[in-house]
$ cat structure-v3.csv   # CSV, C-alpha atoms
chain,number,residue,atom,x,y,z
V,61,MET,CA,-10.6,-33.3,30.6
V,62,VAL,CA,-7.2,-31.7,30.3
V,63,ALA,CA,-8.3,-30.3,27.0
V,64,ASP,CA,-11.4,-28.8,28.6
V,65,VAL,CA,-9.4,-27.2,31.3
V,66,THR,CA,-7.0,-25.8,28.7
V,67,GLU,CA,-9.9,-24.5,26.6
V,68,GLN,CA,-11.5,-22.9,29.7
V,69,GLY,CA,-8.2,-21.3,30.5
V,70,GLU,CA,-7.9,-20.0,27.0
V,71,ALA,CA,-11.4,-18.6,27.0
V,72,GLN,CA,-10.5,-16.7,30.2
V,73,LEU,CA,-7.2,-15.5,28.6
V,74,LEU,CA,-9.1,-14.5,25.5
V,75,SER,CA,-11.7,-12.5,27.4
V,76,GLN,CA,-8.8,-10.7,29.1
V,77,VAL,CA,-7.2,-10.0,25.7
V,78,VAL,CA,-10.6,-8.5,24.6
V,79,GLN,CA,-10.2,-6.1,27.6
V,80,GLY,CA,-6.8,-5.2,26.4
V,81,ASP,CA,-4.7,-7.3,28.8
V,82,ALA,CA,-1.2,-7.5,27.2
V,83,GLY,CA,-0.1,-10.1,29.8
V,84,ALA,CA,-2.9,-12.5,28.7
V,85,PHE,CA,-1.9,-11.9,25.1
V,86,ARG,CA,1.7,-12.7,26.0
V,87,LEU,CA,0.6,-16.0,27.5
V,88,LEU,CA,-1.3,-16.9,24.3
V,89,VAL,CA,1.7,-16.0,22.2
V,90,GLU,CA,4.0,-18.2,24.4
V,91,ARG,CA,1.5,-21.1,24.2
V,92,HIS,CA,0.8,-21.1,20.4
V,93,SER,CA,3.5,-19.2,18.5
V,94,ALA,CA,6.2,-21.9,18.1
V,95,ALA,CA,3.8,-24.6,16.7
V,96,LEU,CA,1.9,-22.0,14.7
V,97,HIS,CA,5.1,-20.7,13.2
V,98,ALA,CA,6.3,-24.2,12.4
V,99,PHE,CA,3.0,-25.0,10.7
V,100,VAL,CA,3.2,-21.8,8.6
V,101,PHE,CA,6.9,-22.6,7.7
V,102,ARG,CA,5.9,-26.0,6.4
V,103,LEU,CA,3.3,-24.4,4.2
V,104,LEU,CA,5.5,-21.6,2.9
V,105,ALA,CA,9.0,-23.0,3.2
V,106,ASN,CA,10.2,-19.4,3.5
V,107,ALA,CA,11.6,-18.0,6.7
V,108,ALA,CA,10.7,-14.3,6.1
V,109,GLU,CA,7.2,-15.0,4.9
V,110,SER,CA,6.5,-17.4,7.7
V,111,GLU,CA,7.5,-14.7,10.2
V,112,GLU,CA,5.2,-12.2,8.5
V,113,VAL,CA,2.3,-14.6,8.5
V,114,THR,CA,2.8,-15.5,12.1
V,115,GLN,CA,3.0,-11.9,13.1
V,116,GLU,CA,-0.1,-11.0,11.1
V,117,THR,CA,-2.0,-13.9,12.7
V,118,PHE,CA,-1.3,-12.7,16.3
V,119,LEU,CA,-1.9,-9.1,15.2
V,120,ARG,CA,-5.4,-10.2,14.1
V,121,LEU,CA,-5.9,-12.0,17.4
V,122,TRP,CA,-5.0,-8.8,19.3
V,123,LYS,CA,-7.2,-6.5,17.2
V,124,ASN,CA,-10.1,-8.9,16.6
V,125,ALA,CA,-10.3,-11.0,19.7
V,126,GLU,CA,-13.9,-9.9,20.3
V,127,THR,CA,-14.9,-11.4,17.0
V,128,PHE,CA,-14.0,-14.9,18.1
V,129,GLY,CA,-17.4,-16.6,18.3
V,130,GLY,CA,-16.4,-19.6,20.3
V,131,ARG,CA,-17.7,-22.0,17.6
V,132,SER,CA,-14.3,-23.6,17.5
V,133,THR,CA,-11.3,-23.6,19.9
V,134,LEU,CA,-9.0,-20.6,20.0
V,135,LYS,CA,-6.3,-22.9,18.6
V,136,THR,CA,-8.2,-23.9,15.5
V,137,TRP,CA,-9.3,-20.3,15.0
V,138,LEU,CA,-5.6,-19.1,15.1
V,139,TYR,CA,-4.5,-21.9,12.7
V,140,ARG,CA,-7.4,-21.1,10.3
V,141,ILE,CA,-6.3,-17.5,10.2
V,142,ALA,CA,-2.7,-18.5,9.6
V,143,HIS,CA,-3.6,-21.1,7.0
V,144,ASN,CA,-5.7,-18.5,5.0
V,145,LEU,CA,-2.9,-16.0,5.2
V,146,ALA,CA,-0.4,-18.6,4.0
V,147,ILE,CA,-2.6,-19.7,1.2
V,148,ASP,CA,-2.9,-16.1,0.1
V,149,ARG,CA,0.9,-15.9,0.0
V,150,LEU,CA,1.1,-19.2,-2.0
V,151,ARG,CA,-1.4,-18.0,-4.5
V,152,ARG,CA,0.7,-14.9,-5.0
V,153,ARG,CA,3.8,-16.9,-5.7
V,154,ARG,CA,3.2,-20.3,-7.3
V,155,ASP,CA,6.9,-20.9,-7.3
V,156,VAL,CA,7.5,-22.3,-3.8
V,157,GLY,CA,11.0,-21.7,-2.5
V,158,LEU,CA,12.5,-24.0,0.1
V,159,GLY,CA,13.5,-23.0,3.5
V,160,SER,CA,17.2,-23.0,3.8
V,161,ASN,CA,17.3,-22.7,7.6
V,162,VAL,CA,15.7,-26.0,8.4
V,163,GLU,CA,17.9,-27.7,10.9
V,164,LEU,CA,18.0,-31.5,10.8
V,165,LEU,CA,17.9,-33.6,13.9
V,166,PRO,CA,19.1,-37.2,14.1
V,167,ALA,CA,16.3,-39.7,13.7
V,168,SER,CA,16.2,-43.4,13.2
V,169,SER,CA,14.9,-43.4,9.7
V,170,CYS,CA,17.2,-46.0,8.3
V,171,SER,CA,20.1,-48.2,9.2
V,172,GLY,CA,23.7,-47.0,9.1
V,173,GLN,CA,26.5,-46.1,11.5
V,174,GLY,CA,27.8,-42.7,12.7
V,175,LEU,CA,28.4,-40.1,10.0
V,176,GLU,CA,27.0,-42.2,7.3
V,177,ARG,CA,23.7,-42.7,9.1
V,178,GLU,CA,23.5,-39.0,9.9
V,179,ARG,CA,24.1,-38.2,6.2
V,180,GLN,CA,21.3,-40.6,5.2
V,181,VAL,CA,18.9,-39.1,7.7
V,182,ARG,CA,19.8,-35.6,6.4
V,183,GLU,CA,19.1,-36.6,2.9
V,184,ILE,CA,15.8,-38.1,3.7
V,185,ALA,CA,14.8,-35.1,5.7
V,186,GLN,CA,15.7,-32.9,2.8
V,187,ALA,CA,13.7,-35.1,0.5
V,188,VAL,CA,10.7,-34.9,2.8
V,189,VAL,CA,10.9,-31.2,2.8
V,190,LEU,CA,11.1,-31.2,-1.0
V,191,GLY,CA,8.2,-33.7,-1.3
V,192,MET,CA,6.0,-31.7,1.1
V,193,ALA,CA,6.7,-28.5,-0.9
V,194,LYS,CA,5.6,-30.3,-4.1
V,195,LEU,CA,2.3,-31.5,-2.6
V,196,PRO,CA,-0.9,-29.6,-3.4
V,197,GLU,CA,-1.5,-26.9,-0.7
V,198,ARG,CA,-4.4,-28.6,1.0
V,199,GLN,CA,-2.7,-32.0,1.2
V,200,ARG,CA,0.4,-30.3,2.7
V,201,ALA,CA,-1.7,-28.4,5.2
V,202,ALA,CA,-3.7,-31.5,6.2
V,203,LEU,CA,-0.5,-33.6,6.7
V,204,SER,CA,1.2,-30.9,8.7
V,205,LEU,CA,-1.8,-30.2,11.0
V,206,VAL,CA,-2.3,-33.9,11.8
V,207,HIS,CA,1.2,-35.2,11.8
V,208,TYR,CA,3.2,-32.3,13.2
V,209,ASN,CA,0.7,-30.2,15.1
V,210,GLU,CA,-1.0,-33.0,16.9
V,211,MET,CA,-4.4,-32.0,15.8
V,212,SER,CA,-7.3,-34.5,15.7
V,213,HIS,CA,-9.0,-35.0,12.3
V,214,ARG,CA,-11.9,-32.9,13.6
V,215,GLU,CA,-9.7,-30.0,14.6
V,216,ALA,CA,-7.8,-30.1,11.3
V,217,SER,CA,-11.0,-30.3,9.3
V,218,GLU,CA,-12.2,-27.1,11.1
V,219,VAL,CA,-8.9,-25.3,10.2
V,220,LEU,CA,-9.1,-26.2,6.6
V,221,GLY,CA,-12.9,-25.7,6.4
V,222,VAL,CA,-13.6,-29.2,5.0
V,223,SER,CA,-15.4,-32.3,6.3
V,224,VAL,CA,-13.6,-34.9,8.3
V,225,ARG,CA,-14.0,-37.3,5.4
V,226,ALA,CA,-12.5,-34.9,3.0
V,227,LEU,CA,-9.6,-34.3,5.4
V,228,GLU,CA,-8.9,-38.0,5.6
V,229,SER,CA,-8.9,-38.2,1.9
V,230,LEU,CA,-6.4,-35.3,1.7
V,231,ILE,CA,-4.1,-37.0,4.2
V,232,ALA,CA,-4.3,-40.4,2.4
V,233,ARG,CA,-3.5,-38.8,-1.0
V,234,GLY,CA,-0.7,-36.7,0.5
V,235,ARG,CA,0.9,-39.7,2.1
V,236,GLU,CA,0.7,-41.6,-1.2
V,237,ASN,CA,2.3,-38.8,-3.1
V,238,LEU,CA,5.1,-38.5,-0.5
V,239,LYS,CA,5.8,-42.2,-0.7
V,240,VAL,CA,6.2,-42.0,-4.4
V,241,HIS,CA,8.5,-39.0,-4.0
V,242,LEU,CA,10.6,-40.8,-1.3
V,243,SER,CA,10.7,-44.2,-2.9
V,244,PRO,CA,14.3,-43.8,-4.2
V,245,PHE,CA,15.5,-43.1,-0.6
V,246,LYS,CA,13.5,-45.9,0.8
V,247,SER,CA,15.2,-48.5,-1.4
V,248,ARG,CA,18.6,-47.0,-0.5
V,249,CYS,CA,18.0,-47.0,3.2
V,250,SER,CA,16.4,-50.4,3.3
V,251,THR,CA,19.5,-52.1,2.1
Q,215,MET,CA,9.7,-28.7,19.3
Q,216,LYS,CA,9.6,-32.1,17.9
Q,217,HIS,CA,6.5,-34.2,17.6
Q,218,ASN,CA,6.4,-37.9,17.6
Q,219,MET,CA,4.0,-38.7,14.9
Q,220,GLY,CA,3.8,-42.4,15.8
Q,221,ASN,CA,2.2,-41.5,19.1
Q,222,ASN,CA,0.2,-38.5,18.2
Q,223,ARG,CA,-1.4,-39.5,14.9
Q,224,ILE,CA,-4.8,-40.9,14.9
Q,225,LYS,CA,-4.3,-44.6,15.3
Q,226,PRO,CA,-5.4,-46.7,12.3
Q,227,GLN,CA,-7.6,-49.7,12.7
Q,228,ASP,CA,-4.8,-52.1,11.8
Q,229,GLU,CA,-1.2,-52.1,12.6
Q,230,PRO,CA,0.5,-49.8,10.1
Q,231,SER,CA,2.3,-51.4,7.3
Q,232,PRO,CA,6.1,-51.2,7.1
Q,233,ASP,CA,5.7,-48.7,4.3
Q,234,GLU,CA,3.5,-46.5,6.5
Q,235,GLN,CA,6.0,-46.8,9.4
Q,236,TRP,CA,8.9,-45.9,7.2
Q,237,LEU,CA,7.0,-42.8,5.9
Q,238,ASP,CA,6.2,-41.8,9.5
Q,239,ASN,CA,9.9,-42.1,10.4
Q,240,ALA,CA,10.8,-40.1,7.4
Q,241,LEU,CA,8.4,-37.4,8.3
Q,242,ASN,CA,9.7,-37.4,11.8
Q,243,SER,CA,13.2,-36.8,10.6
Q,244,VAL,CA,12.3,-33.2,9.7
Q,245,PRO,CA,12.4,-31.0,12.7
Q,246,ASP,CA,10.2,-28.0,13.2
Q,247,ALA,CA,11.5,-24.7,12.1
Q,248,LYS,CA,12.8,-22.9,15.2
Q,249,LEU,CA,10.9,-19.9,16.3
Q,250,PRO,CA,13.3,-16.9,16.0
Q,251,SER,CA,13.8,-15.0,19.2
Q,252,HIS,CA,13.3,-11.7,17.4
Q,253,LEU,CA,9.9,-12.9,16.2
Q,254,VAL,CA,8.9,-13.8,19.7
Q,255,ALA,CA,9.9,-10.3,20.8
Q,256,ARG,CA,7.9,-8.7,18.0
Q,257,LEU,CA,4.8,-10.9,18.8
Q,258,VAL,CA,4.9,-10.0,22.5
Q,259,ASP,CA,5.3,-6.3,21.5
Q,260,ILE,CA,2.2,-6.3,19.4
Q,261,PRO,CA,-0.1,-4.6,22.0
Q,262,ARG,CA,2.4,-1.8,22.5
Q,263,SER,CA,2.9,-1.4,18.7
Q,264,VAL,CA,-0.8,-1.2,18.1
Q,265,ALA,CA,-1.2,1.4,20.8
Q,266,GLN,CA,1.6,3.5,19.3
Q,267,SER,CA,0.2,3.1,15.8
Q,268,ILE,CA,-2.9,5.1,16.7
Q,269,PRO,CA,-1.1,8.5,17.1
Q,270,GLN,CA,1.1,7.4,14.2
Q,271,GLY,CA,-2.0,7.1,12.1
Q,272,LEU,CA,-3.1,10.6,13.1
Q,273,GLU,CA,0.4,11.8,12.5
Q,274,ARG,CA,-0.1,10.8,8.9
Q,275,SER,CA,-2.9,13.2,8.6
Q,276,LYS,CA,-0.4,16.0,9.1
Q,277,SER,CA,1.0,15.5,5.7
Q,278,TRP,CA,-2.2,16.4,3.9
Q,279,TRP,CA,-3.6,18.9,6.4
Q,280,PRO,CA,-2.4,22.4,5.4
Q,281,PHE,CA,-2.7,24.0,8.8
Q,282,GLY,CA,-0.2,21.7,10.5
Q,283,SER,CA,-2.7,20.4,13.0
Q,284,TRP,CA,-2.9,16.8,13.9
Q,285,LEU,CA,-6.7,17.1,14.6
Q,286,PRO,CA,-8.9,18.2,11.7
Q,287,VAL,CA,-11.3,20.0,14.1
Q,288,PHE,CA,-8.4,21.9,15.6
Q,289,GLY,CA,-7.2,22.7,12.1
Q,290,TRP,CA,-10.6,24.1,11.2
Q,291,ALA,CA,-10.6,26.2,14.3
Q,292,MET,CA,-7.1,27.5,13.5
Q,293,ALA,CA,-8.2,28.3,10.0
Q,294,ALA,CA,-11.3,30.2,11.2
Q,295,ALA,CA,-9.2,32.1,13.8
Q,296,ALA,CA,-6.6,33.1,11.2
Q,297,GLY,CA,-9.4,34.3,8.9
Q,298,ILE,CA,-10.9,36.5,11.6
Q,299,VAL,CA,-7.5,37.9,12.6
Q,300,LEU,CA,-6.6,38.7,9.0
Q,301,GLY,CA,-9.9,40.3,8.4
Q,302,VAL,CA,-10.5,38.1,5.4
Q,303,SER,CA,-13.5,36.3,6.5
Q,304,GLY,CA,-14.9,37.2,9.9
Q,305,PRO,CA,-18.2,35.5,10.8
Q,306,ALA,CA,-20.1,38.8,10.8
Q,307,GLN,CA,-18.6,39.9,7.5
Q,308,LEU,CA,-19.4,36.6,6.0
Q,309,LEU,CA,-23.0,37.0,7.0
Q,310,SER,CA,-23.5,40.7,6.1
Q,311,ILE,CA,-21.2,41.3,3.2
Q,312,ASP,CA,-24.0,41.2,0.6
Q,313,ASN,CA,-26.3,43.4,2.5
Q,314,SER,CA,-23.6,45.9,3.3
Q,315,ARG,CA,-22.5,46.0,-0.3
Q,316,GLU,CA,-26.2,46.4,-1.4
Q,317,SER,CA,-26.8,49.2,1.0
Q,318,GLU,CA,-23.6,50.9,-0.1
Q,319,VAL,CA,-24.7,50.7,-3.7
Q,320,VAL,CA,-28.1,52.1,-2.8
Q,321,GLN,CA,-26.5,54.9,-0.9
Q,322,LEU,CA,-24.4,55.9,-3.9
Q,323,THR,CA,-27.4,56.0,-6.1
Q,324,ASN,CA,-29.3,58.3,-3.8
Q,325,ASP,CA,-26.4,60.6,-3.6
Q,326,THR,CA,-26.2,60.7,-7.4
Q,327,GLU,CA,-29.9,61.4,-7.6
Q,328,GLN,CA,-29.6,64.1,-5.0
Q,329,ASP,CA,-26.7,65.6,-6.9
Q,330,GLU,CA,-28.6,65.5,-10.2
Q,331,THR,CA,-31.7,67.1,-8.6
Q,332,ASP,CA,-29.5,69.9,-7.3
Q,333,GLU,CA,-28.1,70.5,-10.7
Q,334,TRP,CA,-31.5,70.7,-12.3
Q,335,GLN,CA,-32.7,73.0,-9.7
Q,336,GLU,CA,-29.6,75.2,-10.3
Q,337,LEU,CA,-30.2,75.1,-14.1
Q,338,ALA,CA,-33.9,76.0,-13.6
Q,339,GLN,CA,-33.0,78.8,-11.4
Q,340,LEU,CA,-30.4,80.0,-13.9
Q,341,ALA,CA,-33.0,79.8,-16.7
Q,342,LEU,CA,-35.5,81.7,-14.7
Q,343,ASP,CA,-33.0,84.2,-13.8
Q,344,SER,CA,-31.9,84.6,-17.4
Q,345,ASN,CA,-35.5,84.9,-18.6
Q,346,TRP,CA,-36.2,87.4,-16.0
Q,347,ALA,CA,-33.1,89.2,-17.1
Q,348,LEU,CA,-34.3,89.1,-20.8
Q,349,GLU,CA,-37.7,90.3,-19.7
Q,350,ASP,CA,-36.1,93.0,-17.9
$ encode --input "structure-v3.csv" --output "structure tokens"
Amino acid sequence: MVADVTEQGEAQLLSQVVQGDAGAFRLLVERHSAALHAFVFRLLANAAESEEVTQETFLRLWKNAETFGGRSTLKTWLYRIAHNLAIDRLRRRRDVGLGSNVELLPASSCSGQGLERERQVREIAQAVVLGMAKLPERQRAALSLVHYNEMSHREASEVLGVSVRALESLIARGRENLKVHLSPFKSRCST
Amino acid sequence: MKHNMGNNRIKPQDEPSPDEQWLDNALNSVPDAKLPSHLVARLVDIPRSVAQSIPQGLERSKSWWPFGSWLPVFGWAMAAAAGIVLGVSGPAQLLSIDNSRESEVVQLTNDTEQDETDEWQELAQLALDSNWALED
């Protein structure tokens, strides 16, 4: 119900954007830009390119809002644009750089006290970033959309242009690959 | 922005294994990249930037347009006006130049023929005069 209200509101905002309403565009930017940018950053692991892709995505929204057919939600449409742009970037540079400006927040990933615990969490977070960067592009995107961007499997499958079944397979394989990558940290933190 | 995967992820049928829970916690230890404030400003500014880019696009046409006009039609009008003023290619001249040249050539030929006729007439007259003179 809440999602329906939001979608109706977005449809209204989008129709205003088609009419050239910069205020409506601003509201859509405020609503989607942070999560979209975070998603792109997880795919590219590069601050400058993430900003460029985010900007290009919203530029396309402003210029091509009238082409939105309504077959999906505005959110999945935006993420699909961003994903395609990011994949283009990744194909141009196979060598994936890591984002150096990722700030780590304390989380209860493993036991420990004070600074030692913080150090362990930081190490694990860095390892997760490394592991995500090493995943195949589609596994990384699937994990990011569902885990971090709170998308349902149906929404994420629309963004990636695959079936729900294929998406679930991507997520399962991505998680298995990450577990392998993080296994050294797991044994350390478990003790 | 920080998502709690444990609550947001599609719930599996069974209780997640310790391995899965550990992985979820590990994933949650990575915060989202912060949205830079300068990027927000750029995004919000997109409508104005696009609006400004239209005259900028036309501005680019100045570089290849030799008449210094930002509108090609206006440039053509300027070129035509300049041609007329300089007398190089006025519309009437452009349309009649061949005919006028042709009539000019024809006119010259007539004059020549007329001149030659006059000369023959003079020679004939001289000859007649001289014959008459001889006869005399």
$ closest_residue --input "structure-v3.csv" --among "Q:Ala295, Q:Leu257, Q:His252, Q:Gln235" --to "chain V" --atoms "all atoms listed in the file"
Q:Leu257
$ atom_distance --input "structure-v3.csv" --atom1 "atom CA of Ser110 of chain V" --atom2 "atom CA of Asn242 of chain Q"
20.7 Å
$ residues_around --input "structure-v3.csv" --residues "Thr127 of chain V" --least-positions-apart "4" --cutoff "12 Å" --atoms "all atoms listed in the file" --output "NGL selection string"
:V and (74-75 or 77-78 or 120-123 or 131 or 134 or 137)
$ write_last_selection --input "structure-v3.csv" --atoms "C-alpha atoms" --output "CSV table (one decimal), keeping the file's coordinate frame"
chain,number,residue,atom,x,y,z
V,74,LEU,CA,-9.1,-14.5,25.5
V,75,SER,CA,-11.7,-12.5,27.4
V,77,VAL,CA,-7.2,-10.0,25.7
V,78,VAL,CA,-10.6,-8.5,24.6
V,120,ARG,CA,-5.4,-10.2,14.1
V,121,LEU,CA,-5.9,-12.0,17.4
V,122,TRP,CA,-5.0,-8.8,19.3
V,123,LYS,CA,-7.2,-6.5,17.2
V,131,ARG,CA,-17.7,-22.0,17.6
V,134,LEU,CA,-9.0,-20.6,20.0
V,137,TRP,CA,-9.3,-20.3,15.0
$ atom_distance --input "structure-v3.csv" --atom1 "atom CA of Val254 of chain Q" --atom2 "atom CA of Asn106 of chain V"
17.2 Å
$ atom_distance --input "structure-v3.csv" --atom1 "atom CA of Leu220 of chain V" --atom2 "atom CA of Arg140 of chain V"
6.5 Å
$ closest_residue --input "structure-v3.csv" --among "V:Ala226, V:Ile141, V:Val189, V:Val113" --to "Val244 of chain Q" --atoms "all atoms listed in the file"
V:Val189
$ residues_near_point --input "structure-v3.csv" --point "(-11.6, -30.5, 12.7)" --cutoff "10 Å" --atoms "only C-alpha atoms" --output "list in words"
Ser132, Thr133, Thr136, Leu205, Val206, Met211, Ser212, His213, Arg214, Glu215, Ala216, Ser217, Glu218, Val219, Leu220, Gly221, Val222, Ser223, Val224 and Leu227 of chain V
$ closest_residue --input "structure-v3.csv" --among "V:Leu190, V:Leu103, V:Leu175, V:Ile147" --to "Leu203 of chain V" --atoms "all atoms listed in the file"
V:Leu103
